[in-house]
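Working notes, structure below.
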Amino acid sequence: MSCAKTFKVVEKPLRMRLEGIKIPLPPTNCWVHPKAGMIPGDSGLIVITMQQLLLSGSDVFSPIYEMHSVDGGNSWSEPKLNDSLGRRSEANGEVGICDFTPAWHEKTGKLLGTGHTVRYLGERLLPAPRTRETAYSVFEPANYVWSPWEIVKMPKESEFFSSGAGCAQRVELPNGDILLPIYFHDGHCPYRSFTVMRCAFDGEKLTYIRNMC
């Protein structure tokens, strides 16, 4: 006679603790676009990116700040500016990036951040029509810095005169390709369109492949 044993698996309930991170700011600014990206493994490393918004302007964002935790979110570093994610001078003013969203890329083992560019004349948006591009950067955990931001080269530049992946939630396919939602317009039509672009990412460069819709 055989004797069969049964086992009951008891799952422990998941417990979450909500805590706020208080970071003082002058009354002229506020923090916006806080996004967290986690690096899997034993390090417990979590990276938050965020920006200051000038309250007296419209969409006037500071360069991107970064803060991180190495103990799973129990304690955090002080926010610091990353020069590689700052503004750059252009003929008609400055260009920076905003709506930045870091997320883990499993195929390459990289923390990839995506967002879009924004152009300023002083501390105001450059008058329309103004170009916009999808921007990206890669986090280097060894020294807690981001690579200098780059833009995704698009086809039919007139059609994608203003296009960007603002605060977008992307999907990684099994082969490592990325599905990234963007909105765009040609600089003339008053209406915006959207699509999902398929991109390749090799750990350093994000490259447009085609539109999915």
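Starting from 1 in every chain, residues are counted up; chains themselves are A, B, ... following the order of the structure tokens, and ligands are numbered from 1 as listed.
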| If you count only C-alpha atoms, which residues fall within 10 Å of Arg130 in chain A, apart from same-chain ones fewer than 4 positions away, as a ChimeraX atom specification? | /A:118-120,125-126,161-162,187
Find the spatial neighbours of Ile178 in chain A, counting only C-alpha atoms, within a cut-off of 6 Å - ignore same-chain residues fewer than 3 positions away - and output them as a short mmCIF file (atom, residue, chain, number, x, y, z; two decimals) with N, CA and C atoms, in the first residue's frame.
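Result saved to around.cif:
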```
data_model
loop_
_atom_site.label_atom_id
_atom_site.label_comp_id
_atom_site.auth_asym_id
_atom_site.auth_seq_id
_atom_site.Cartn_x
_atom_site.Cartn_y
_atom_site.Cartn_z
N VAL A 171 7.00 48.49 -23.73
CA VAL A 171 6.96 47.04 -23.63
C VAL A 171 8.21 46.47 -24.29
N GLU A 172 8.87 45.53 -23.61
CA GLU A 172 10.03 44.85 -24.18
C GLU A 172 9.60 43.50 -24.74
N ARG A 198 8.34 50.63 -33.02
CA ARG A 198 9.19 49.51 -32.63
C ARG A 198 10.64 49.95 -32.77
N CYS A 199 11.42 49.74 -31.70
CA CYS A 199 12.82 50.17 -31.68
C CYS A 199 13.72 49.00 -31.31
#
```
| query | Near Ser62 in chain A, within 10 Å and counting only C-alpha atoms, which residues show up once chain neighbours fewer than 2 positions away are dropped, as a ChimeraX atom specification? | reply | /A:29,31-32,50-54,59-60,64-65,81,85-87,96-98,123
| said: Can you pull out the residues contacting Ile21 in chain A? Cut-off 12 Å, using only C-alpha atoms, and skip same-chain residues under 4 positions away; I want them as a list in words. | reply: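 Those residues are Trp31, Pro34, Ile48, Met67, His68, Ser69, Gly73, Asn74, Ser75, Trp76, Ser77, Glu78 and Pro79 of chain A.
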Taking a cut-off of 10 Å and counting only C-alpha atoms, can you build a table that, for each residue of range 178-199 of chain A near range 133-156 of chain A, reports the nearest atom pair and how far apart they are in Å (one decimal), sorted by chain then residue number, as a tab-separated table?
```
residue	atom	partner	partner_atom	distance
A:Leu180	CA	A:Thr134	CA	9.8
A:Ile182	CA	A:Thr134	CA	8.0
A:Tyr183	CA	A:Thr134	CA	9.7
A:Phe184	CA	A:Glu133	CA	9.2
A:Asp186	CA	A:Lys156	CA	9.7
A:Met197	CA	A:Met154	CA	9.9
A:Cys199	CA	A:Val152	CA	9.1
```
